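Structure below is work_21.pdb: PDB, N, CA and C atoms.
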```pdb
ATOM      1  N   MET A   1       0.847  -1.172   0.000
ATOM      2  CA  MET A   1       0.000   0.000   0.000
ATOM      3  C   MET A   1       0.897   1.241   0.000
ATOM      4  N   LYS A   2       0.483   2.264  -0.695
ATOM      5  CA  LYS A   2       1.256   3.500  -0.784
ATOM      6  C   LYS A   2       0.462   4.643  -0.163
ATOM      7  N   TYR A   3       1.198   5.572   0.444
ATOM      8  CA  TYR A   3       0.604   6.748   1.058
ATOM      9  C   TYR A   3       1.241   8.000   0.482
ATOM     10  N   VAL A   4       0.511   9.100   0.534
ATOM     11  CA  VAL A   4       1.014  10.392   0.098
ATOM     12  C   VAL A   4       1.256  11.237   1.338
ATOM     13  N   CYS A   5       2.440  11.813   1.443
ATOM     14  CA  CYS A   5       2.785  12.672   2.582
ATOM     15  C   CYS A   5       1.935  13.941   2.524
ATOM     16  N   ASN A   6       1.375  14.332   3.669
ATOM     17  CA  ASN A   6       0.542  15.530   3.724
ATOM     18  C   ASN A   6       1.362  16.817   3.622
ATOM     19  N   ARG A   7       2.658  16.745   3.853
ATOM     20  CA  ARG A   7       3.517  17.928   3.810
ATOM     21  C   ARG A   7       4.135  18.153   2.435
ATOM     22  N   CYS A   8       4.830  17.137   1.902
ATOM     23  CA  CYS A   8       5.584  17.329   0.664
ATOM     24  C   CYS A   8       4.921  16.683  -0.555
ATOM     25  N   ALA A   9       3.853  15.925  -0.362
ATOM     26  CA  ALA A   9       3.066  15.294  -1.422
ATOM     27  C   ALA A   9       3.839  14.247  -2.218
ATOM     28  N   LYS A  10       4.858  13.639  -1.598
ATOM     29  CA  LYS A  10       5.574  12.537  -2.239
ATOM     30  C   LYS A  10       4.918  11.226  -1.832
ATOM     31  N   VAL A  11       5.060  10.209  -2.669
ATOM     32  CA  VAL A  11       4.452   8.910  -2.424
ATOM     33  C   VAL A  11       5.464   8.000  -1.726
ATOM     34  N   PHE A  12       5.005   7.310  -0.653
ATOM     35  CA  PHE A  12       5.870   6.422   0.122
ATOM     36  C   PHE A  12       5.168   5.103   0.368
ATOM     37  N   GLN A  13       5.970   4.070   0.641
ATOM     38  CA  GLN A  13       5.440   2.777   1.019
ATOM     39  C   GLN A  13       4.933   2.828   2.462
ATOM     40  N   THR A  14       4.180   1.835   2.857
ATOM     41  CA  THR A  14       3.582   1.775   4.186
ATOM     42  C   THR A  14       4.627   1.823   5.293
ATOM     43  N   ASP A  15       5.743   1.137   5.119
ATOM     44  CA  ASP A  15       6.768   1.069   6.165
ATOM     45  C   ASP A  15       7.524   2.383   6.343
ATOM     46  N   ASP A  16       7.503   3.260   5.365
ATOM     47  CA  ASP A  16       8.278   4.499   5.409
ATOM     48  C   ASP A  16       7.478   5.697   5.888
ATOM     49  N   ILE A  17       6.234   5.525   6.216
ATOM     50  CA  ILE A  17       5.359   6.655   6.540
ATOM     51  C   ILE A  17       4.908   6.577   7.996
ATOM     52  N   THR A  18       4.668   7.717   8.609
ATOM     53  CA  THR A  18       4.145   7.794   9.972
ATOM     54  C   THR A  18       2.719   8.327   9.892
ATOM     55  N   ILE A  19       1.794   7.622  10.525
ATOM     56  CA  ILE A  19       0.396   8.049  10.551
ATOM     57  C   ILE A  19       0.117   8.652  11.920
ATOM     58  N   HIS A  20      -0.441   9.866  11.923
ATOM     59  CA  HIS A  20      -0.757  10.553  13.172
ATOM     60  C   HIS A  20      -2.240  10.910  13.156
ATOM     61  N   TYR A  21      -2.944  10.489  14.189
ATOM     62  CA  TYR A  21      -4.363  10.784  14.318
ATOM     63  C   TYR A  21      -4.519  11.950  15.288
ATOM     64  N   THR A  22      -5.186  13.007  14.850
ATOM     65  CA  THR A  22      -5.419  14.154  15.712
ATOM     66  C   THR A  22      -6.905  14.441  15.775
ATOM     67  N   LYS A  23      -7.310  15.045  16.861
ATOM     68  CA  LYS A  23      -8.707  15.421  17.052
ATOM     69  C   LYS A  23      -8.788  16.937  16.915
ATOM     70  N   GLY A  24      -9.412  17.391  15.862
ATOM     71  CA  GLY A  24      -9.506  18.813  15.602
ATOM     72  C   GLY A  24     -10.929  19.302  15.723
ATOM     73  N   SER A  25     -11.135  20.547  15.336
ATOM     74  CA  SER A  25     -12.471  21.127  15.400
ATOM     75  C   SER A  25     -13.409  20.490  14.375
ATOM     76  N   ASP A  26     -12.844  19.929  13.311
ATOM     77  CA  ASP A  26     -13.646  19.279  12.270
ATOM     78  C   ASP A  26     -13.839  17.792  12.528
ATOM     79  N   GLY A  27     -13.345  17.298  13.644
ATOM     80  CA  GLY A  27     -13.446  15.878  13.950
ATOM     81  C   GLY A  27     -12.085  15.222  13.892
ATOM     82  N   LEU A  28     -12.057  13.944  13.584
ATOM     83  CA  LEU A  28     -10.816  13.183  13.533
ATOM     84  C   LEU A  28     -10.063  13.497  12.246
ATOM     85  N   GLU A  29      -8.781  13.821  12.386
ATOM     86  CA  GLU A  29      -7.939  14.125  11.233
ATOM     87  C   GLU A  29      -6.798  13.117  11.197
ATOM     88  N   ILE A  30      -6.554  12.526  10.048
ATOM     89  CA  ILE A  30      -5.482  11.563   9.867
ATOM     90  C   ILE A  30      -4.402  12.225   9.018
ATOM     91  N   VAL A  31      -3.178  12.279   9.567
ATOM     92  CA  VAL A  31      -2.069  12.931   8.884
ATOM     93  C   VAL A  31      -1.012  11.885   8.573
ATOM     94  N   ALA A  32      -0.607  11.775   7.314
ATOM     95  CA  ALA A  32       0.476  10.885   6.892
ATOM     96  C   ALA A  32       1.720  11.739   6.679
ATOM     97  N   ILE A  33       2.837  11.356   7.340
ATOM     98  CA  ILE A  33       4.045  12.169   7.303
ATOM     99  C   ILE A  33       5.238  11.289   6.941
ATOM    100  N   CYS A  34       6.057  11.752   6.001
ATOM    101  CA  CYS A  34       7.258  11.022   5.609
ATOM    102  C   CYS A  34       8.381  11.319   6.606
ATOM    103  N   PRO A  35       9.450  10.523   6.610
ATOM    104  CA  PRO A  35      10.544  10.733   7.566
ATOM    105  C   PRO A  35      11.206  12.103   7.448
ATOM    106  N   SER A  36      11.317  12.654   6.258
ATOM    107  CA  SER A  36      11.972  13.954   6.107
ATOM    108  C   SER A  36      11.118  15.105   6.649
ATOM    109  N   CYS A  37       9.809  14.957   6.660
ATOM    110  CA  CYS A  37       8.921  16.005   7.176
ATOM    111  C   CYS A  37       8.558  15.796   8.644
ATOM    112  N   LEU A  38       8.880  14.637   9.191
ATOM    113  CA  LEU A  38       8.454  14.291  10.544
ATOM    114  C   LEU A  38       9.024  15.233  11.593
ATOM    115  N   GLU A  39      10.285  15.595  11.504
ATOM    116  CA  GLU A  39      10.925  16.463  12.504
ATOM    117  C   GLU A  39      10.245  17.832  12.562
ATOM    118  N   ARG A  40       9.981  18.415  11.400
ATOM    119  CA  ARG A  40       9.304  19.721  11.360
ATOM    120  C   ARG A  40       7.891  19.628  11.919
ATOM    121  N   TYR A  41       7.191  18.537  11.606
ATOM    122  CA  TYR A  41       5.824  18.348  12.098
ATOM    123  C   TYR A  41       5.807  18.216  13.617
ATOM    124  N   LEU A  42       6.760  17.456  14.174
ATOM    125  CA  LEU A  42       6.824  17.295  15.622
ATOM    126  C   LEU A  42       7.160  18.602  16.318
ATOM    127  N   ASP A  43       8.065  19.395  15.740
ATOM    128  CA  ASP A  43       8.391  20.703  16.316
ATOM    129  C   ASP A  43       7.171  21.616  16.317
ATOM    130  N   LYS A  44       6.426  21.638  15.211
ATOM    131  CA  LYS A  44       5.230  22.477  15.126
ATOM    132  C   LYS A  44       4.171  22.019  16.117
ATOM    133  N   THR A  45       3.990  20.699  16.247
ATOM    134  CA  THR A  45       3.007  20.162  17.177
ATOM    135  C   THR A  45       3.377  20.494  18.609
ATOM    136  N   LYS A  46       4.655  20.419  18.939
ATOM    137  CA  LYS A  46       5.120  20.743  20.292
ATOM    138  C   LYS A  46       4.879  22.221  20.604
ATOM    139  N   VAL A  47       5.178  23.104  19.653
ATOM    140  CA  VAL A  47       4.967  24.540  19.849
ATOM    141  C   VAL A  47       3.484  24.832  20.050
ATOM    142  N   ASP A  48       2.630  24.212  19.248
ATOM    143  CA  ASP A  48       1.190  24.426  19.379
ATOM    144  C   ASP A  48       0.675  23.939  20.736
ATOM    145  N   THR A  49       1.171  22.782  21.192
ATOM    146  CA  THR A  49       0.760  22.230  22.482
ATOM    147  C   THR A  49       1.225  23.126  23.620
ATOM    148  N   ASP A  50       2.476  23.600  23.549
ATOM    149  CA  ASP A  50       2.999  24.492  24.581
ATOM    150  C   ASP A  50       2.203  25.791  24.635
ATOM    151  N   ARG A  51       1.827  26.302  23.478
ATOM    152  CA  ARG A  51       1.059  27.549  23.428
ATOM    153  C   ARG A  51      -0.315  27.357  24.077
ATOM    154  N   LYS A  52      -0.971  26.221  23.809
ATOM    155  CA  LYS A  52      -2.284  25.955  24.408
ATOM    156  C   LYS A  52      -2.172  25.826  25.919
ATOM    157  N   GLU A  53      -1.111  25.164  26.406
ATOM    158  CA  GLU A  53      -0.911  25.017  27.845
ATOM    159  C   GLU A  53      -0.671  26.368  28.501
ATOM    160  N   ASP A  54       0.116  27.236  27.852
ATOM    161  CA  ASP A  54       0.355  28.568  28.386
ATOM    162  C   ASP A  54      -0.936  29.379  28.436
ATOM    163  N   ASP A  55      -1.747  29.291  27.394
ATOM    164  CA  ASP A  55      -3.019  30.008  27.378
ATOM    165  C   ASP A  55      -3.946  29.518  28.480
ATOM    166  N   ASN A  56      -3.993  28.200  28.686
ATOM    167  CA  ASN A  56      -4.834  27.645  29.749
ATOM    168  C   ASN A  56      -4.355  28.094  31.113
ATOM    169  N   GLN A  57      -3.054  28.134  31.320
ATOM    170  CA  GLN A  57      -2.512  28.567  32.600
ATOM    171  C   GLN A  57      -2.810  30.049  32.838
ATOM    172  N   ARG A  58      -2.709  30.877  31.812
ATOM    173  CA  ARG A  58      -3.021  32.301  31.950
ATOM    174  C   ARG A  58      -4.487  32.529  32.298
ATOM    175  N   MET A  59      -5.359  31.706  31.745
ATOM    176  CA  MET A  59      -6.780  31.867  32.021
ATOM    177  C   MET A  59      -7.123  31.487  33.460
ATOM    178  N   LYS A  60      -6.321  30.634  34.097
ATOM    179  CA  LYS A  60      -6.577  30.203  35.461
ATOM    180  C   LYS A  60      -6.004  31.165  36.501
ATOM    181  N   MET A  61      -5.189  32.113  36.089
ATOM    182  CA  MET A  61      -4.565  33.051  37.037
ATOM    183  C   MET A  61      -5.619  33.966  37.635
ATOM    184  N   ASN A  62      -5.451  34.268  38.912
ATOM    185  CA  ASN A  62      -6.364  35.200  39.595
ATOM    186  C   ASN A  62      -6.055  36.625  39.174
ATOM    187  N   ARG A  63      -7.078  37.370  38.943
ATOM    188  CA  ARG A  63      -6.925  38.777  38.555
ATOM    189  C   ARG A  63      -7.021  39.637  39.801
ATOM    190  N   LYS A  64      -6.314  40.767  39.805
ATOM    191  CA  LYS A  64      -6.303  41.641  40.974
ATOM    192  C   LYS A  64      -7.300  42.790  40.859
ATOM    193  N   TRP A  65      -7.995  42.885  39.777
ATOM    194  CA  TRP A  65      -8.963  43.977  39.645
ATOM    195  C   TRP A  65     -10.365  43.464  39.687
TER     196      TRP A  65
END
```

Here is a file; write its structure as structure tokens.
Amino acid sequence: MKYVCNRCAKVFQTDDITIHYTKGSDGLEIVAICPSCLERYLDKTKVDTDRKEDDNQRMKMNRKW
């Protein structure tokens, strides 16, 4: 079976691709990522997760006014 990378649009075999399932606002999203795009995708996902955690922490802070 062959998959198309969602980042670079190259075709890869099943063993060479990483499948990532995410839950978004539109429902379940399936992302196929090749090894060369995987590092950038993980960095972006980490930054997005850190940003959401920071926003959640800011919303929980007590206000002084």

- Task: Measuring atom to atom with only C-alpha atoms, identify which of A:Leu38, A:Ala32, A:Val47, A:Met61 is nearest to A:Cys5.
- Result: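 With only C-alpha atoms as the atom set, the closest residue is A:Ala32.
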
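Going from atom C of A:Asp50 over to atom CA of A:His20, you cover 19.3 Å.
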
- Could you give me the residues within chain A that DSSP places in strand (DSSP E), as a PyMOL selection string? chain A and resi 2-4+11-13+18-24+27-33

- Could you jot down the atom CA of A:Ile17 to atom CA of A:Val31 separation for me, Å, one decimal place?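 Between atom CA of A:Ile17 and atom CA of A:Val31 the gap is 10.0 Å.
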
- For A:Asp15, which residue among A:Tyr41, A:Tyr3, A:Ile30, A:Asn56 is the nearest when counting only C-alpha atoms?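 Checking each candidate against A:Asp15, we get A:Tyr3 as the closest.
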
- Could you jot down the atom N of A:Glu29 to atom N of A:Lys44 separation for me, Å, one decimal place?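 Distance reported for this atom pair: 17.3 Å.
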
Return stretch 54-65 of chain A, completed with all heavy atoms, as a PDB file, in the frame of the given file.
```pdb
ATOM      1  N   ASP A  54       0.116  27.236  27.852  1.00  0.00           N
ATOM      2  CA  ASP A  54       0.355  28.568  28.386  1.00  0.00           C
ATOM      3  C   ASP A  54      -0.936  29.379  28.436  1.00  0.00           C
ATOM      4  O   ASP A  54      -1.199  30.095  29.417  1.00  0.00           O
ATOM      5  CB  ASP A  54       1.391  29.317  27.547  1.00  0.00           C
ATOM      6  CG  ASP A  54       2.802  28.782  27.723  1.00  0.00           C
ATOM      7  OD1 ASP A  54       3.024  28.014  28.694  1.00  0.00           O
ATOM      8  OD2 ASP A  54       3.671  29.118  26.898  1.00  0.00           O
ATOM      9  N   ASP A  55      -1.747  29.291  27.394  1.00  0.00           N
ATOM     10  CA  ASP A  55      -3.019  30.008  27.378  1.00  0.00           C
ATOM     11  C   ASP A  55      -3.946  29.518  28.480  1.00  0.00           C
ATOM     12  O   ASP A  55      -4.607  30.307  29.155  1.00  0.00           O
ATOM     13  CB  ASP A  55      -3.708  29.861  26.018  1.00  0.00           C
ATOM     14  CG  ASP A  55      -2.989  30.627  24.920  1.00  0.00           C
ATOM     15  OD1 ASP A  55      -2.133  31.492  25.242  1.00  0.00           O
ATOM     16  OD2 ASP A  55      -3.271  30.359  23.733  1.00  0.00           O
ATOM     17  N   ASN A  56      -3.993  28.200  28.686  1.00  0.00           N
ATOM     18  CA  ASN A  56      -4.834  27.645  29.749  1.00  0.00           C
ATOM     19  C   ASN A  56      -4.355  28.094  31.113  1.00  0.00           C
ATOM     20  O   ASN A  56      -5.153  28.414  31.998  1.00  0.00           O
ATOM     21  CB  ASN A  56      -4.850  26.118  29.687  1.00  0.00           C
ATOM     22  CG  ASN A  56      -5.643  25.606  28.519  1.00  0.00           C
ATOM     23  OD1 ASN A  56      -6.493  26.308  27.983  1.00  0.00           O
ATOM     24  ND2 ASN A  56      -5.359  24.385  28.113  1.00  0.00           N
ATOM     25  N   GLN A  57      -3.054  28.134  31.320  1.00  0.00           N
ATOM     26  CA  GLN A  57      -2.512  28.567  32.600  1.00  0.00           C
ATOM     27  C   GLN A  57      -2.810  30.049  32.838  1.00  0.00           C
ATOM     28  O   GLN A  57      -3.151  30.447  33.946  1.00  0.00           O
ATOM     29  CB  GLN A  57      -1.008  28.326  32.639  1.00  0.00           C
ATOM     30  CG  GLN A  57      -0.381  28.609  33.975  1.00  0.00           C
ATOM     31  CD  GLN A  57       1.107  28.306  33.978  1.00  0.00           C
ATOM     32  OE1 GLN A  57       1.698  28.024  32.938  1.00  0.00           O
ATOM     33  NE2 GLN A  57       1.704  28.354  35.137  1.00  0.00           N
ATOM     34  N   ARG A  58      -2.709  30.877  31.812  1.00  0.00           N
ATOM     35  CA  ARG A  58      -3.021  32.301  31.950  1.00  0.00           C
ATOM     36  C   ARG A  58      -4.487  32.529  32.298  1.00  0.00           C
ATOM     37  O   ARG A  58      -4.813  33.428  33.059  1.00  0.00           O
ATOM     38  CB  ARG A  58      -2.686  33.042  30.660  1.00  0.00           C
ATOM     39  CG  ARG A  58      -1.341  33.684  30.721  1.00  0.00           C
ATOM     40  CD  ARG A  58      -1.115  34.602  29.556  1.00  0.00           C
ATOM     41  NE  ARG A  58      -0.118  33.924  28.729  1.00  0.00           N
ATOM     42  CZ  ARG A  58      -0.206  33.705  27.452  1.00  0.00           C
ATOM     43  NH1 ARG A  58      -1.234  34.128  26.779  1.00  0.00           N
ATOM     44  NH2 ARG A  58       0.728  33.071  26.798  1.00  0.00           N
ATOM     45  N   MET A  59      -5.359  31.706  31.745  1.00  0.00           N
ATOM     46  CA  MET A  59      -6.780  31.867  32.021  1.00  0.00           C
ATOM     47  C   MET A  59      -7.123  31.487  33.460  1.00  0.00           C
ATOM     48  O   MET A  59      -8.097  31.980  34.024  1.00  0.00           O
ATOM     49  CB  MET A  59      -7.610  31.017  31.051  1.00  0.00           C
ATOM     50  CG  MET A  59      -7.511  31.455  29.615  1.00  0.00           C
ATOM     51  SD  MET A  59      -8.010  33.148  29.345  1.00  0.00           S
ATOM     52  CE  MET A  59      -9.758  33.008  29.586  1.00  0.00           C
ATOM     53  N   LYS A  60      -6.321  30.634  34.097  1.00  0.00           N
ATOM     54  CA  LYS A  60      -6.577  30.203  35.461  1.00  0.00           C
ATOM     55  C   LYS A  60      -6.004  31.165  36.501  1.00  0.00           C
ATOM     56  O   LYS A  60      -6.304  31.046  37.683  1.00  0.00           O
ATOM     57  CB  LYS A  60      -5.974  28.808  35.691  1.00  0.00           C
ATOM     58  CG  LYS A  60      -6.697  27.737  34.923  1.00  0.00           C
ATOM     59  CD  LYS A  60      -6.043  26.379  35.155  1.00  0.00           C
ATOM     60  CE  LYS A  60      -6.748  25.315  34.334  1.00  0.00           C
ATOM     61  NZ  LYS A  60      -6.091  24.003  34.491  1.00  0.00           N
ATOM     62  N   MET A  61      -5.189  32.113  36.089  1.00  0.00           N
ATOM     63  CA  MET A  61      -4.565  33.051  37.037  1.00  0.00           C
ATOM     64  C   MET A  61      -5.619  33.966  37.635  1.00  0.00           C
ATOM     65  O   MET A  61      -6.564  34.404  36.963  1.00  0.00           O
ATOM     66  CB  MET A  61      -3.504  33.897  36.326  1.00  0.00           C
ATOM     67  CG  MET A  61      -2.284  33.113  35.901  1.00  0.00           C
ATOM     68  SD  MET A  61      -1.112  34.046  34.940  1.00  0.00           S
ATOM     69  CE  MET A  61      -0.680  35.356  36.035  1.00  0.00           C
ATOM     70  N   ASN A  62      -5.451  34.268  38.912  1.00  0.00           N
ATOM     71  CA  ASN A  62      -6.364  35.200  39.595  1.00  0.00           C
ATOM     72  C   ASN A  62      -6.055  36.625  39.174  1.00  0.00           C
ATOM     73  O   ASN A  62      -4.895  37.017  39.084  1.00  0.00           O
ATOM     74  CB  ASN A  62      -6.203  35.065  41.114  1.00  0.00           C
ATOM     75  CG  ASN A  62      -6.708  33.736  41.612  1.00  0.00           C
ATOM     76  OD1 ASN A  62      -7.583  33.134  41.012  1.00  0.00           O
ATOM     77  ND2 ASN A  62      -6.137  33.266  42.722  1.00  0.00           N
ATOM     78  N   ARG A  63      -7.078  37.370  38.943  1.00  0.00           N
ATOM     79  CA  ARG A  63      -6.925  38.777  38.555  1.00  0.00           C
ATOM     80  C   ARG A  63      -7.021  39.637  39.801  1.00  0.00           C
ATOM     81  O   ARG A  63      -7.761  39.333  40.743  1.00  0.00           O
ATOM     82  CB  ARG A  63      -8.025  39.191  37.560  1.00  0.00           C
ATOM     83  CG  ARG A  63      -8.106  38.290  36.341  1.00  0.00           C
ATOM     84  CD  ARG A  63      -6.945  38.555  35.411  1.00  0.00           C
ATOM     85  NE  ARG A  63      -7.152  37.843  34.155  1.00  0.00           N
ATOM     86  CZ  ARG A  63      -6.281  37.007  33.658  1.00  0.00           C
ATOM     87  NH1 ARG A  63      -5.175  36.753  34.295  1.00  0.00           N
ATOM     88  NH2 ARG A  63      -6.515  36.416  32.526  1.00  0.00           N
ATOM     89  N   LYS A  64      -6.314  40.767  39.805  1.00  0.00           N
ATOM     90  CA  LYS A  64      -6.303  41.641  40.974  1.00  0.00           C
ATOM     91  C   LYS A  64      -7.300  42.790  40.859  1.00  0.00           C
ATOM     92  O   LYS A  64      -7.420  43.564  41.764  1.00  0.00           O
ATOM     93  CB  LYS A  64      -4.908  42.198  41.198  1.00  0.00           C
ATOM     94  CG  LYS A  64      -3.913  41.131  41.592  1.00  0.00           C
ATOM     95  CD  LYS A  64      -2.612  41.724  41.985  1.00  0.00           C
ATOM     96  CE  LYS A  64      -1.696  40.619  42.460  1.00  0.00           C
ATOM     97  NZ  LYS A  64      -0.447  41.133  42.977  1.00  0.00           N
ATOM     98  N   TRP A  65      -7.995  42.885  39.777  1.00  0.00           N
ATOM     99  CA  TRP A  65      -8.963  43.977  39.645  1.00  0.00           C
ATOM    100  C   TRP A  65     -10.365  43.464  39.687  1.00  0.00           C
ATOM    101  O   TRP A  65     -10.727  42.379  39.611  1.00  0.00           O
ATOM    102  CB  TRP A  65      -8.734  44.791  38.377  1.00  0.00           C
ATOM    103  CG  TRP A  65      -8.838  44.005  37.127  1.00  0.00           C
ATOM    104  CD1 TRP A  65      -9.954  43.697  36.438  1.00  0.00           C
ATOM    105  CD2 TRP A  65      -7.757  43.379  36.417  1.00  0.00           C
ATOM    106  NE1 TRP A  65      -9.668  42.964  35.347  1.00  0.00           N
ATOM    107  CE2 TRP A  65      -8.331  42.753  35.300  1.00  0.00           C
ATOM    108  CE3 TRP A  65      -6.401  43.309  36.585  1.00  0.00           C
ATOM    109  CZ2 TRP A  65      -7.564  42.063  34.379  1.00  0.00           C
ATOM    110  CZ3 TRP A  65      -5.661  42.621  35.656  1.00  0.00           C
ATOM    111  CH2 TRP A  65      -6.246  42.007  34.581  1.00  0.00           C
TER     112      TRP A  65
END
```
